[in-house]
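One file, target14.cif, is given below (mmCIF, C-alpha atoms and all ligand atoms).
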data_input
loop_
_atom_site.label_atom_id
_atom_site.label_comp_id
_atom_site.auth_asym_id
_atom_site.auth_seq_id
_atom_site.Cartn_x
_atom_site.Cartn_y
_atom_site.Cartn_z
CA MET A 1 -44.58 15.57 54.07
CA THR A 2 -45.86 12.83 51.81
CA ASP A 3 -48.73 11.03 53.56
CA LEU A 4 -49.85 7.77 51.99
CA SER A 5 -52.12 6.64 54.83
CA LEU A 6 -55.46 5.25 53.66
CA ALA A 7 -57.14 5.75 57.03
CA GLY A 8 -59.78 8.44 57.55
CA GLU A 9 -63.37 9.45 56.97
CA THR A 10 -65.03 9.49 53.56
CA PRO A 11 -65.15 13.17 52.53
CA ALA A 12 -68.37 14.82 51.34
CA CYS A 13 -66.89 15.20 47.84
CA ALA A 14 -66.75 11.40 47.31
CA THR A 15 -68.78 9.85 44.48
CA ASP A 16 -69.83 6.21 44.95
CA GLY A 17 -67.22 5.91 47.72
CA VAL A 18 -64.37 7.18 45.49
CA TRP A 19 -62.43 10.43 45.81
CA LEU A 20 -59.01 11.90 45.02
CA ALA A 21 -56.60 12.89 47.78
CA CYS A 22 -53.41 14.94 47.61
CA VAL A 23 -50.53 12.90 49.01
CA GLU A 24 -48.79 16.07 50.20
CA CYS A 25 -51.42 18.34 51.84
CA GLY A 26 -54.22 15.78 52.32
CA GLY A 27 -56.75 17.90 50.40
CA THR A 28 -59.62 15.95 48.84
CA LEU A 29 -61.38 16.36 45.49
CA ALA A 30 -64.44 14.93 43.76
CA PRO A 31 -63.20 12.19 41.39
CA PHE A 32 -65.21 12.77 38.22
CA ALA A 33 -66.32 16.41 38.45
CA ASP A 34 -63.34 18.32 37.05
CA VAL A 35 -60.26 17.30 35.13
CA VAL A 36 -57.37 17.44 37.62
CA TYR A 37 -53.93 15.82 37.65
CA ARG A 38 -52.27 17.56 40.58
CA CYS A 39 -53.51 19.17 43.78
CA PRO A 40 -54.89 22.64 42.96
CA GLU A 41 -53.65 23.88 46.38
CA CYS A 42 -50.06 22.60 46.54
CA SER A 43 -49.38 20.79 43.21
CA GLY A 44 -48.86 17.51 45.06
CA LEU A 45 -49.55 14.16 43.38
CA LEU A 46 -53.10 12.87 43.64
CA GLU A 47 -54.19 9.37 44.61
CA ALA A 48 -57.58 7.65 44.30
CA ARG A 49 -59.07 6.71 47.66
CA TYR A 50 -62.04 4.52 48.55
CA ALA A 51 -64.55 4.21 51.37
CA ASP A 52 -63.92 0.42 51.37
CA TYR A 53 -60.92 -1.69 50.39
CA PRO A 54 -61.78 -5.23 49.31
CA GLY A 55 -59.95 -8.41 50.30
CA PHE A 56 -59.26 -11.32 47.93
CA GLU A 57 -62.71 -12.86 48.45
CA ALA A 58 -64.26 -9.91 46.56
CA PHE A 59 -62.35 -10.72 43.36
CA SER A 60 -63.94 -12.81 40.58
CA GLY A 61 -63.55 -13.25 36.84
CA ARG A 62 -60.33 -12.77 34.87
CA GLY A 63 -57.91 -10.01 33.96
CA VAL A 64 -57.88 -6.43 35.22
CA TRP A 65 -61.64 -6.36 35.78
CA ARG A 66 -61.44 -9.31 38.16
CA TYR A 67 -60.39 -6.53 40.55
CA ALA A 68 -63.28 -4.18 39.74
CA ASP A 69 -64.15 -3.82 43.44
CA ALA A 70 -60.76 -2.19 43.95
CA LEU A 71 -61.10 0.14 40.94
CA PRO A 72 -62.78 3.55 40.54
CA VAL A 73 -65.23 2.45 37.82
CA ASP A 74 -67.17 -0.82 37.38
CA ALA A 75 -66.04 -1.65 33.85
CA GLY A 76 -63.45 -0.43 31.39
CA VAL A 77 -62.78 0.25 27.77
CA SER A 78 -61.40 -3.24 27.45
CA VAL A 79 -59.56 -5.53 25.06
CA GLN A 80 -59.01 -8.20 27.71
CA GLU A 81 -55.94 -6.86 29.45
CA GLY A 82 -54.26 -8.48 32.44
CA ASP A 83 -54.22 -12.15 33.42
CA THR A 84 -50.60 -12.37 32.22
CA PRO A 85 -48.46 -15.44 32.89
CA LEU A 86 -46.22 -15.96 35.91
CA TYR A 87 -43.47 -18.10 34.41
CA GLU A 88 -40.84 -20.35 35.88
CA ALA A 89 -37.46 -19.50 34.35
CA PRO A 90 -34.85 -22.26 34.83
CA ASP A 91 -31.83 -20.40 33.42
CA VAL A 92 -32.60 -17.32 35.50
CA ALA A 93 -33.18 -19.54 38.54
CA ALA A 94 -29.79 -21.22 38.08
CA ALA A 95 -28.02 -17.88 37.75
CA ALA A 96 -29.85 -16.21 40.63
CA GLY A 97 -29.65 -19.04 43.16
CA VAL A 98 -32.65 -17.97 45.24
CA ALA A 99 -35.36 -20.17 46.82
CA ASP A 100 -37.87 -19.40 44.11
CA ILE A 101 -37.88 -17.15 41.06
CA ARG A 102 -40.81 -16.36 38.79
CA VAL A 103 -41.17 -13.97 35.90
CA LYS A 104 -44.40 -11.98 35.61
CA HIS A 105 -44.51 -11.23 31.89
CA GLU A 106 -46.53 -8.09 31.27
CA GLY A 107 -45.45 -8.20 27.64
CA MET A 108 -48.33 -10.65 27.22
CA ASN A 109 -50.93 -7.88 27.44
CA PRO A 110 -52.95 -6.90 24.32
CA THR A 111 -50.52 -4.21 23.11
CA GLY A 112 -47.50 -5.95 24.60
CA SER A 113 -46.93 -4.00 27.79
CA PHE A 114 -48.39 -3.35 31.26
CA LYS A 115 -49.65 0.03 30.07
CA ASP A 116 -52.89 -1.64 28.93
CA ARG A 117 -53.88 -2.18 32.56
CA GLY A 118 -53.73 1.54 33.18
CA MET A 119 -55.45 2.50 29.95
CA THR A 120 -58.49 0.26 30.40
CA VAL A 121 -59.25 2.29 33.53
CA GLY A 122 -57.92 5.68 32.45
CA VAL A 123 -59.68 5.80 29.09
CA ARG A 124 -62.95 4.76 30.76
CA VAL A 125 -62.61 7.61 33.24
CA ALA A 126 -61.87 9.93 30.30
CA GLU A 127 -65.17 8.85 28.72
CA ARG A 128 -66.95 9.58 31.98
CA LEU A 129 -65.36 13.02 32.15
CA GLY A 130 -66.47 13.64 28.58
CA VAL A 131 -63.12 14.72 27.16
CA ASP A 132 -62.61 14.93 23.39
CA ARG A 133 -58.86 14.30 23.03
CA LEU A 134 -56.48 11.95 24.85
CA ALA A 135 -52.75 12.62 25.03
CA CYS A 136 -49.52 11.33 26.47
CA ALA A 137 -45.78 11.76 26.36
CA SER A 138 -44.09 8.43 25.88
CA THR A 139 -40.95 6.41 25.47
CA GLY A 140 -43.22 4.25 23.29
CA ASN A 141 -45.33 1.77 25.21
CA THR A 142 -47.72 4.28 26.73
CA SER A 143 -48.33 5.71 23.25
CA ALA A 144 -49.05 2.25 21.80
CA ALA A 145 -51.51 1.45 24.57
CA LEU A 146 -53.22 4.84 24.50
CA ALA A 147 -53.57 4.65 20.72
CA ALA A 148 -55.24 1.25 20.97
CA TYR A 149 -57.60 2.13 23.82
CA GLY A 150 -58.38 5.55 22.37
CA GLY A 151 -59.20 3.77 19.11
CA ARG A 152 -61.48 1.39 20.95
CA ALA A 153 -63.22 4.36 22.63
CA ASP A 154 -63.39 6.33 19.33
CA THR A 155 -61.55 9.23 20.95
CA PRO A 156 -58.70 11.03 19.11
CA VAL A 157 -55.22 10.43 20.52
CA LEU A 158 -52.17 12.72 20.44
CA VAL A 159 -48.78 11.29 21.40
CA LEU A 160 -45.50 13.15 21.94
CA LEU A 161 -42.39 11.03 21.48
CA PRO A 162 -38.69 11.86 21.89
CA ALA A 163 -37.46 11.98 18.27
CA GLY A 164 -35.22 9.07 17.30
CA LYS A 165 -35.42 7.40 20.71
CA VAL A 166 -38.52 5.20 20.44
CA ALA A 167 -38.35 1.54 19.37
CA ALA A 168 -39.86 0.69 15.99
CA GLY A 169 -42.57 -1.69 17.19
CA LYS A 170 -44.06 0.94 19.47
CA ILE A 171 -44.23 3.67 16.81
CA ALA A 172 -45.78 1.16 14.41
CA GLN A 173 -48.49 0.38 16.95
CA ALA A 174 -49.28 4.02 17.68
CA ALA A 175 -49.45 4.70 13.94
CA LEU A 176 -51.70 1.79 13.03
CA HIS A 177 -54.05 2.31 15.97
CA GLY A 178 -54.54 5.80 14.62
CA ALA A 179 -52.77 8.20 16.98
CA ARG A 180 -51.48 11.58 15.83
CA ILE A 181 -47.75 11.18 16.45
CA CYS A 182 -45.54 14.20 17.13
CA GLU A 183 -41.79 13.62 17.39
CA VAL A 184 -40.33 16.16 19.79
CA ASP A 185 -36.81 17.53 19.63
CA GLY A 186 -36.09 16.61 23.25
CA ASN A 187 -36.14 13.67 25.66
CA PHE A 188 -39.14 12.02 27.37
CA ASP A 189 -39.09 14.45 30.28
CA ASP A 190 -39.31 17.38 27.84
CA CYS A 191 -42.25 15.65 26.09
CA LEU A 192 -44.02 15.25 29.43
CA ASP A 193 -43.52 18.93 30.27
CA VAL A 194 -45.10 19.91 26.94
CA VAL A 195 -48.04 17.51 27.13
CA ALA A 196 -48.70 18.55 30.75
CA GLU A 197 -48.93 22.15 29.55
CA LEU A 198 -51.34 21.15 26.76
CA ALA A 199 -53.44 19.33 29.35
CA ALA A 200 -53.34 22.32 31.72
CA ARG A 201 -54.61 24.50 28.86
CA GLY A 202 -57.52 22.11 28.42
CA GLU A 203 -56.35 20.92 24.98
CA ALA A 204 -56.25 17.22 25.90
CA TYR A 205 -56.80 14.72 28.70
CA LEU A 206 -53.44 13.54 30.04
CA LEU A 207 -52.96 9.78 30.34
CA ASN A 208 -49.42 9.56 31.61
CA SER A 209 -48.91 7.89 34.98
CA LEU A 210 -49.27 11.31 36.58
CA ASN A 211 -52.96 10.53 36.05
CA PRO A 212 -54.04 8.82 39.29
CA PHE A 213 -56.67 6.65 37.58
CA ARG A 214 -54.11 4.99 35.33
CA LEU A 215 -52.15 3.80 38.33
CA GLU A 216 -55.32 2.23 39.72
CA GLY A 217 -55.34 -0.15 36.76
CA GLN A 218 -51.64 -0.90 37.14
CA LYS A 219 -52.25 -1.80 40.78
CA THR A 220 -53.79 -5.04 39.52
CA ILE A 221 -50.28 -6.32 38.65
CA ALA A 222 -49.72 -6.72 42.39
CA PHE A 223 -53.02 -8.47 43.03
CA GLU A 224 -52.28 -10.93 40.23
CA ILE A 225 -48.72 -11.60 41.40
CA LEU A 226 -49.97 -12.34 44.92
CA GLU A 227 -52.79 -14.62 43.76
CA GLN A 228 -50.70 -16.45 41.16
CA SER A 229 -47.73 -16.90 43.51
CA ARG A 230 -49.94 -18.39 46.17
CA THR A 231 -51.46 -20.79 43.65
CA ALA A 232 -48.03 -21.77 42.25
CA THR A 233 -45.95 -21.99 45.44
CA GLY A 234 -48.34 -21.63 48.37
CA GLU A 235 -46.59 -18.39 49.36
CA TRP A 236 -46.43 -14.73 48.49
CA PRO A 237 -43.07 -13.51 47.18
CA ASP A 238 -40.61 -11.88 49.58
CA ARG A 239 -39.53 -9.47 46.88
CA ILE A 240 -40.69 -8.00 43.58
CA VAL A 241 -37.96 -6.64 41.29
CA LEU A 242 -39.10 -4.21 38.62
CA PRO A 243 -37.69 -1.77 36.08
CA VAL A 244 -38.22 1.89 36.96
CA GLY A 245 -38.79 4.79 34.58
CA ASN A 246 -41.43 7.22 35.79
CA ALA A 247 -41.88 5.03 38.90
CA GLY A 248 -45.58 4.54 38.19
CA ASN A 249 -45.53 0.80 38.72
CA THR A 250 -43.50 1.08 41.91
CA ALA A 251 -46.12 3.52 43.23
CA ALA A 252 -49.01 1.36 41.98
CA LEU A 253 -47.74 -1.89 43.50
CA TYR A 254 -47.16 -0.18 46.83
CA LYS A 255 -50.70 1.19 46.70
CA ALA A 256 -52.07 -2.32 46.14
CA PHE A 257 -50.21 -3.55 49.22
CA ARG A 258 -51.44 -0.63 51.33
CA GLU A 259 -55.00 -1.36 50.26
CA LEU A 260 -54.69 -5.03 51.16
CA VAL A 261 -53.39 -4.01 54.57
CA ALA A 262 -56.35 -1.61 54.94
CA ALA A 263 -58.66 -4.51 54.02
CA GLY A 264 -57.04 -6.75 56.65
CA ALA A 265 -55.90 -9.13 53.90
CA MET A 266 -52.14 -8.53 54.40
CA THR A 267 -49.89 -7.43 57.24
CA ASP A 268 -47.22 -4.75 56.87
CA ASP A 269 -44.55 -7.44 57.26
CA GLU A 270 -45.97 -9.42 54.37
CA MET A 271 -45.50 -6.65 51.81
CA PRO A 272 -42.99 -7.89 49.21
CA ALA A 273 -39.82 -5.76 49.18
CA LEU A 274 -40.16 -3.41 46.20
CA THR A 275 -36.84 -3.39 44.41
CA GLY A 276 -36.40 -0.92 41.57
CA VAL A 277 -33.90 -1.27 38.74
CA GLN A 278 -32.73 1.51 36.45
CA ALA A 279 -30.23 1.70 33.63
CA ALA A 280 -26.97 3.27 34.81
CA GLY A 281 -27.43 6.08 32.29
CA ALA A 282 -30.84 7.07 33.70
CA ALA A 283 -30.83 6.35 37.42
CA PRO A 284 -32.25 9.26 39.48
CA MET A 285 -34.31 6.86 41.66
CA VAL A 286 -31.25 4.81 42.51
CA GLU A 287 -29.41 8.00 43.40
CA ALA A 288 -32.28 9.03 45.71
CA VAL A 289 -32.48 5.61 47.40
CA GLU A 290 -28.72 5.49 47.95
CA ALA A 291 -28.98 8.90 49.65
CA GLY A 292 -32.13 7.87 51.58
CA ARG A 293 -34.07 10.80 50.09
CA GLY A 294 -37.84 11.07 49.53
CA ARG A 295 -37.38 13.01 46.28
CA THR A 296 -35.39 12.53 43.10
CA GLU A 297 -33.28 15.17 41.38
CA ARG A 298 -33.81 15.59 37.65
CA TRP A 299 -31.13 14.15 35.36
CA THR A 300 -31.07 16.23 32.18
CA ASP A 301 -28.72 13.95 30.24
CA VAL A 302 -30.04 10.40 30.10
CA GLU A 303 -28.96 7.58 27.81
CA THR A 304 -29.58 3.84 27.67
CA ARG A 305 -30.26 1.06 25.20
CA ALA A 306 -33.36 0.36 27.30
CA THR A 307 -35.16 3.30 25.69
CA ALA A 308 -38.42 2.59 27.55
CA ILE A 309 -36.76 3.71 30.79
CA ARG A 310 -34.66 6.53 29.36
CA ILE A 311 -36.17 8.93 31.92
CA GLY A 312 -34.45 11.48 34.13
CA ASN A 313 -37.33 12.94 36.12
CA PRO A 314 -39.57 10.17 37.55
CA VAL A 315 -42.79 12.04 38.31
CA ASN A 316 -44.14 9.38 40.67
CA ALA A 317 -41.03 9.27 42.86
CA PRO A 318 -42.77 10.91 45.87
CA LYS A 319 -45.27 8.00 45.89
CA ALA A 320 -42.76 5.30 44.93
CA LEU A 321 -39.83 6.05 47.24
CA PRO A 322 -41.88 5.47 50.44
CA GLY A 323 -42.87 2.13 48.90
CA VAL A 324 -39.25 1.14 48.48
CA TYR A 325 -38.41 2.18 52.05
CA GLU A 326 -41.53 0.85 53.81
CA THR A 327 -41.35 -2.59 52.20
CA GLY A 328 -37.63 -3.00 52.95
CA GLY A 329 -36.75 -2.82 49.27
CA THR A 330 -33.93 -1.07 47.49
CA ALA A 331 -32.89 0.23 44.08
CA VAL A 332 -29.97 -0.67 41.84
CA ALA A 333 -28.48 0.56 38.57
CA VAL A 334 -27.26 -1.84 35.87
CA SER A 335 -25.19 -1.33 32.73
CA ASP A 336 -26.68 -1.72 29.25
CA ASP A 337 -24.48 -4.77 28.66
CA ARG A 338 -25.89 -6.47 31.74
CA ILE A 339 -29.39 -5.65 30.52
CA THR A 340 -28.64 -7.30 27.19
CA ASP A 341 -27.14 -10.36 28.93
CA ALA A 342 -30.33 -10.70 30.97
CA GLN A 343 -32.45 -10.29 27.84
CA ARG A 344 -30.54 -13.23 26.28
CA MET A 345 -30.92 -15.28 29.45
CA LEU A 346 -34.68 -14.77 29.51
CA ALA A 347 -34.85 -15.55 25.80
CA GLY A 348 -33.06 -18.82 26.55
CA ASP A 349 -35.94 -19.64 28.89
CA GLY A 350 -38.37 -18.91 26.06
CA ILE A 351 -39.38 -15.55 27.50
CA GLY A 352 -39.05 -12.75 24.95
CA VAL A 353 -38.77 -9.28 26.49
CA GLU A 354 -37.62 -5.83 25.47
CA PRO A 355 -34.44 -4.39 27.06
CA ALA A 356 -36.13 -2.33 29.82
CA SER A 357 -37.90 -5.47 31.01
CA ALA A 358 -34.69 -7.44 31.25
CA ALA A 359 -33.40 -4.78 33.64
CA SER A 360 -35.38 -6.52 36.39
CA VAL A 361 -33.43 -9.76 35.98
CA ALA A 362 -30.14 -7.88 35.53
CA GLY A 363 -30.88 -6.05 38.80
CA LEU A 364 -31.70 -9.27 40.64
CA LEU A 365 -28.39 -10.81 39.55
CA ALA A 366 -26.45 -7.66 40.51
CA LEU A 367 -28.03 -7.56 43.97
CA ARG A 368 -27.33 -11.27 44.49
CA GLU A 369 -23.65 -10.65 43.69
CA ARG A 370 -23.57 -7.83 46.20
CA GLY A 371 -25.20 -10.02 48.83
CA GLU A 372 -28.18 -7.68 49.14
CA ILE A 373 -30.67 -10.43 48.26
CA SER A 374 -30.34 -13.64 50.25
CA ALA A 375 -30.53 -17.20 48.90
CA ASP A 376 -33.68 -18.05 50.86
CA GLU A 377 -35.83 -15.39 49.17
CA ARG A 378 -38.79 -15.98 46.87
CA VAL A 379 -38.53 -13.41 44.11
CA VAL A 380 -40.77 -12.24 41.28
CA CYS A 381 -39.17 -10.27 38.44
CA LEU A 382 -41.52 -8.07 36.46
CA THR A 383 -40.91 -7.99 32.72
CA THR A 384 -42.84 -5.06 31.41
CA GLY A 385 -42.76 -5.26 27.60
CA HIS A 386 -42.61 -7.81 24.78
CA LEU A 387 -39.51 -8.63 22.70
CA LEU A 388 -41.23 -7.49 19.49
CA LYS A 389 -41.55 -3.95 20.82
CA ASP A 390 -37.89 -3.35 19.99
CA PRO A 391 -36.93 -5.59 17.06
CA ALA A 392 -33.63 -3.77 16.51
CA ALA A 393 -32.46 -4.40 20.08
CA ALA A 394 -33.54 -8.04 19.84
CA ALA A 395 -31.74 -8.56 16.55
CA ALA A 396 -28.59 -6.91 17.90
CA ALA A 397 -28.65 -9.08 21.04
CA GLY A 398 -29.33 -12.28 19.09
CA GLY A 399 -27.27 -14.32 16.67
CA ASP A 400 -26.41 -13.34 13.09
CA THR A 401 -28.15 -14.73 10.02
CA THR A 402 -26.26 -16.93 7.56
CA PRO A 403 -26.71 -16.53 3.79
CA VAL A 404 -27.05 -19.96 2.07
CA PRO A 405 -27.91 -21.28 -1.40
CA ALA A 406 -31.37 -22.79 -1.97
CA ASP A 407 -30.33 -26.44 -1.52
CA ALA A 408 -30.04 -28.81 1.46
CA ASP A 409 -26.32 -29.59 1.02
CA GLY A 410 -25.57 -25.89 0.86
CA VAL A 411 -27.42 -25.37 4.14
CA LEU A 412 -25.58 -28.29 5.79
CA ASP A 413 -22.22 -27.03 4.53
CA ALA A 414 -22.89 -23.65 6.08
CA LEU A 415 -23.75 -25.07 9.53
N1 LIG A 501 -40.73 -0.98 31.29
C1 LIG A 501 -41.26 -0.61 30.12
C2 LIG A 501 -41.25 -1.59 28.99
C3 LIG A 501 -41.82 0.68 29.98
O1 LIG A 501 -42.36 1.02 28.81
C4 LIG A 501 -41.78 1.57 31.06
C5 LIG A 501 -42.31 2.92 30.95
C6 LIG A 501 -41.22 1.13 32.24
C7 LIG A 501 -40.70 -0.15 32.34
C8 LIG A 501 -41.14 2.00 33.45
O2 LIG A 501 -42.33 1.99 34.15
O3 LIG A 501 -42.69 4.41 34.42
O4 LIG A 501 -43.95 2.75 35.77
O5 LIG A 501 -41.55 3.16 36.18
N2 LIG A 501 -42.64 3.44 29.86
C9 LIG A 501 -43.31 4.73 29.71
C10 LIG A 501 -43.80 4.92 28.30
C11 LIG A 501 -42.58 5.87 30.26
O6 LIG A 501 -43.94 6.06 27.85
O7 LIG A 501 -44.09 3.92 27.63
P1 LIG A 501 -42.64 3.14 35.20
#
If you convert what's in this file into structure tokens, what do you get?
Amino acid sequence: MTDLSLAGETPACATDGVWLACVECGGTLAPFADVVYRCPECSGLLEARYADYPGFEAFSGRGVWRYADALPVDAGVSVQEGDTPLYEAPDVAAAAGVADIRVKHEGMNPTGSFKDRGMTVGVRVAERLGVDRLACASTGNTSAALAAYGGRADTPVLVLLPAGKVAAGKIAQAALHGARICEVDGNFDDCLDVVAELAARGEAYLLNSLNPFRLEGQKTIAFEILEQSRTATGEWPDRIVLPVGNAGNTAALYKAFRELVAAGAMTDDEMPALTGVQAAGAAPMVEAVEAGRGRTERWTDVETRATAIRIGNPVNAPKALPGVYETGGTAVAVSDDRITDAQRMLAGDGIGVEPASAASVAGLLALRERGEISADERVVCLTTGHLLKDPAAAAAAGGDTTPVPADADGVLDAL
């Protein structure tokens, strides 16, 4: 049984009040002694735990490291990640018809996605562990972020990408930041299987969201949403709608809420309803939620224009599904055409996102149509990556160019 309770004594293995716990068998491990990704006893997912959970009064400064008291290390390998905008979005608001709608644009991070929040923590822990190679499987954004943070830390980076299925901007980033890029004849889930085996053989330190320290950094998305919403509207949101791939963010946001409850800074009832959105061609989480299950079943054939979330085996599902259920959330699948429509709608509000990110808005609109989100709700949609990540998708969704001669009358004639 998955047990996500944060209650209990600090085990003897803790270092500076931090330890790792298995969410399945409850076993505990020293955090920085050995390189571990899963429970050595039962292979369950691991989660960072703390002797103390801070409330909002402990937070100061800006960005991810504002939340240092809630993180496993005091400082990161940093290029000023976090502190992303919480936008109003009039076109989305008009279409959604809810009491309040904001867009938390994680595409405004240094490498253009939320992955930077995880890497600033994860690469710092890697330094502390003394590893000599960092690695990840990726649909693109994780590889771009790891390449940048590995570069900053002067540690070699290996990335495994599904051949032909990664957007151009992301490969360009990984290449320029200096990663060794291997294109695998397989999908993301195959890449993750291979890189997990390399990590198990001690060939590299794994920085996918299976790594519990990375999710600690991503937890700060929730803290920021809560603080910014309260500043903007006086209230916390009732619901957070987010795209789901490996379900790392869903797990991380739920962990942030559980920690705030443990700190006495939030009640269970105040947890925003975590609402996951997947592309219809890659929707194992939606399938699990519709069946009320605590586990996903692997989809071997996945396809979607939103290549960032072209994932059939969400490794963090055992941590994320309880978050969906316990917060009163849900999950919904949307077609690629609806994702593109939402991408255009956001663009019309001046917010440029990649297709996977627009899934959150597409999901909100779909759930409004179905009557599963009520008009009196305050909603935050998470947009996870920047428009420039996938220039081909943006160009295809946008208008055509018009060839004109090099004179003003010629331009006017063409309009
Ligand atoms: N949105 C974007 C833009 C992403 O890049 C990802 C994941 C997700 C959403 C899904 O987030 O896994 O926490 O549910 N991208 C990973 C990668 C898999 O390799 O870049 P999740």
(Q) Would you pick out the contacts of Ala135 of chain A at 9 Å or less, using only C-alpha atoms, so that residues sharing its chain but fewer than 2 positions from it are not included, and give the list as a ChimeraX atom specification? (A) /A:133,137,143,146,156-160,195,198-199,204-208
Q: Find the residues near ligand LIG 501 (chain A). Use a cut-off of 7 Å, count all atoms listed in the file, and write them as a list in words.
A: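 Here is the list of contacting residues: Ser113, Ala137, Ser138, Thr139, Gly140, Asn141, Thr142, Ser143, Pro243, Val244, Gly245, Asn246, Ala247, Gly248, Asn249, Thr250, Ala308, Ile309, Glu354, Ala356, Ser357, Thr384 and Gly385 of chain A.
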Q. Near segment 24-36 of chain A, within 10 Å and counting all atoms listed in the file, which residues show up once chain neighbours fewer than 6 positions away are dropped, as a PyMOL selection string?
A. chain A and resi 1-5+10-18+42-49+72+125-126+128-131+199-200+202+205-206+211-213+318-319
Q: Tell me, as a ChimeraX atom specification, which residues lie within 12 Å of Leu176 of chain A, counting all atoms listed in the file; anything in the same chain fewer than 2 positions away does not count.
A: /A:111,143-148,151,157,169-174,178-181
Just to be explicit: take each residue in the selection above, keep C-alpha atoms, and write the result as a PDB file, keeping the file's coordinate frame.
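Writing done, so here's out_2.pdb:
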ATOM      1  CA  THR A 111     -50.520  -4.210  23.110  1.00  0.00           C
ATOM      2  CA  SER A 143     -48.330   5.710  23.250  1.00  0.00           C
ATOM      3  CA  ALA A 144     -49.050   2.250  21.800  1.00  0.00           C
ATOM      4  CA  ALA A 145     -51.510   1.450  24.570  1.00  0.00           C
ATOM      5  CA  LEU A 146     -53.220   4.840  24.500  1.00  0.00           C
ATOM      6  CA  ALA A 147     -53.570   4.650  20.720  1.00  0.00           C
ATOM      7  CA  ALA A 148     -55.240   1.250  20.970  1.00  0.00           C
ATOM      8  CA  GLY A 151     -59.200   3.770  19.110  1.00  0.00           C
ATOM      9  CA  VAL A 157     -55.220  10.430  20.520  1.00  0.00           C
ATOM     10  CA  GLY A 169     -42.570  -1.690  17.190  1.00  0.00           C
ATOM     11  CA  LYS A 170     -44.060   0.940  19.470  1.00  0.00           C
ATOM     12  CA  ILE A 171     -44.230   3.670  16.810  1.00  0.00           C
ATOM     13  CA  ALA A 172     -45.780   1.160  14.410  1.00  0.00           C
ATOM     14  CA  GLN A 173     -48.490   0.380  16.950  1.00  0.00           C
ATOM     15  CA  ALA A 174     -49.280   4.020  17.680  1.00  0.00           C
ATOM     16  CA  GLY A 178     -54.540   5.800  14.620  1.00  0.00           C
ATOM     17  CA  ALA A 179     -52.770   8.200  16.980  1.00  0.00           C
ATOM     18  CA  ARG A 180     -51.480  11.580  15.830  1.00  0.00           C
ATOM     19  CA  ILE A 181     -47.750  11.180  16.450  1.00  0.00           C
TER      20      ILE A 181
END
Q.
Here's a test: counting all atoms listed in the file, identify every protein, DNA and RNA residue with an atom at most 10 Å from (-34.3, -0.6, 44.7) in the file's coordinate frame, and state them as number ranges by chain.
A. A: 240-244, 250, 273-278, 285-290, 321, 323-325, 328-333, 363-364, 367
Q: Work out how far apart atom CA of Ala175 of chain A and atom CA of Leu134 of chain A are and give it in Å to one decimal.
A: 14.9 Å
Mind working out the centre and edge lengths of an axis-aligned box for segment 301-312 of chain A, all listed atoms inside, 8 Å added to each side, rounded to one decimal in Å and written as lines of an AutoDock Vina configuration file?
center_x = -33.6
center_y = 7.2
center_z = 29.7
size_x = 25.7
size_y = 29.6
size_z = 24.9
Q: For Glu227 of chain A, work out the shell of residues within 9 Å, counting all atoms listed in the file and skipping chain neighbours fewer than 4 positions away, then give it as a list in words.
A: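 My list of contacting residues is Phe56, Ala222, Phe223, Thr231, Ala232 and Trp236 of chain A.
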Q | Atomic distance atom CA of Ala320 of chain A - atom CA of Trp65 of chain A, expressed in Å with one decimal | A |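 One can read the atom CA of Ala320 of chain A to atom CA of Trp65 of chain A distance as 24.0 Å.
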**Q.** For atom CA of Tyr67 of chain A and atom CA of Thr220 of chain A, the interatomic separation in Å (one decimal)
**A.**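 For atom CA of Tyr67 of chain A relative to atom CA of Thr220 of chain A, the distance reads 6.8 Å.
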Q: Write out as a ChimeraX atom specification the residues lying within 7 Å of segment 86-89 of chain A, counting only C-alpha atoms and excluding same-chain residues fewer than 4 positions away.
A: /A:93,101-105,228,349
Q. A:Lys115, A:Arg230, A:Arg344, A:Lys255: which is nearest Val23 of chain A, counting all atoms listed in the file?
A. A:Lys255
Q. So which one's closest to Pro110 of chain A, A:Gly63, A:Gly281, A:Gly97, A:Pro355? Using all atoms listed in the file, please.
A. A:Gly63
With N, CA, C and O atoms as the goal, would you fill in the gaps in segment 252-256 of chain A and present it as a PDB file, in the frame of the given file?
ATOM      1  N   ALA A 252     -47.747   2.112  42.086  1.00  0.00           N
ATOM      2  CA  ALA A 252     -49.010   1.360  41.980  1.00  0.00           C
ATOM      3  C   ALA A 252     -48.966   0.066  42.791  1.00  0.00           C
ATOM      4  O   ALA A 252     -49.939  -0.304  43.460  1.00  0.00           O
ATOM      5  N   LEU A 253     -47.848  -0.637  42.728  1.00  0.00           N
ATOM      6  CA  LEU A 253     -47.740  -1.890  43.500  1.00  0.00           C
ATOM      7  C   LEU A 253     -47.798  -1.605  45.001  1.00  0.00           C
ATOM      8  O   LEU A 253     -48.463  -2.320  45.751  1.00  0.00           O
ATOM      9  N   TYR A 254     -47.129  -0.541  45.406  1.00  0.00           N
ATOM     10  CA  TYR A 254     -47.160  -0.180  46.830  1.00  0.00           C
ATOM     11  C   TYR A 254     -48.588   0.169  47.250  1.00  0.00           C
ATOM     12  O   TYR A 254     -49.039  -0.190  48.332  1.00  0.00           O
ATOM     13  N   LYS A 255     -49.310   0.840  46.367  1.00  0.00           N
ATOM     14  CA  LYS A 255     -50.700   1.190  46.700  1.00  0.00           C
ATOM     15  C   LYS A 255     -51.530  -0.083  46.870  1.00  0.00           C
ATOM     16  O   LYS A 255     -52.349  -0.187  47.795  1.00  0.00           O
ATOM     17  N   ALA A 256     -51.331  -1.062  46.009  1.00  0.00           N
ATOM     18  CA  ALA A 256     -52.070  -2.320  46.140  1.00  0.00           C
ATOM     19  C   ALA A 256     -51.800  -2.961  47.501  1.00  0.00           C
ATOM     20  O   ALA A 256     -52.722  -3.417  48.186  1.00  0.00           O
TER      21      ALA A 256
END
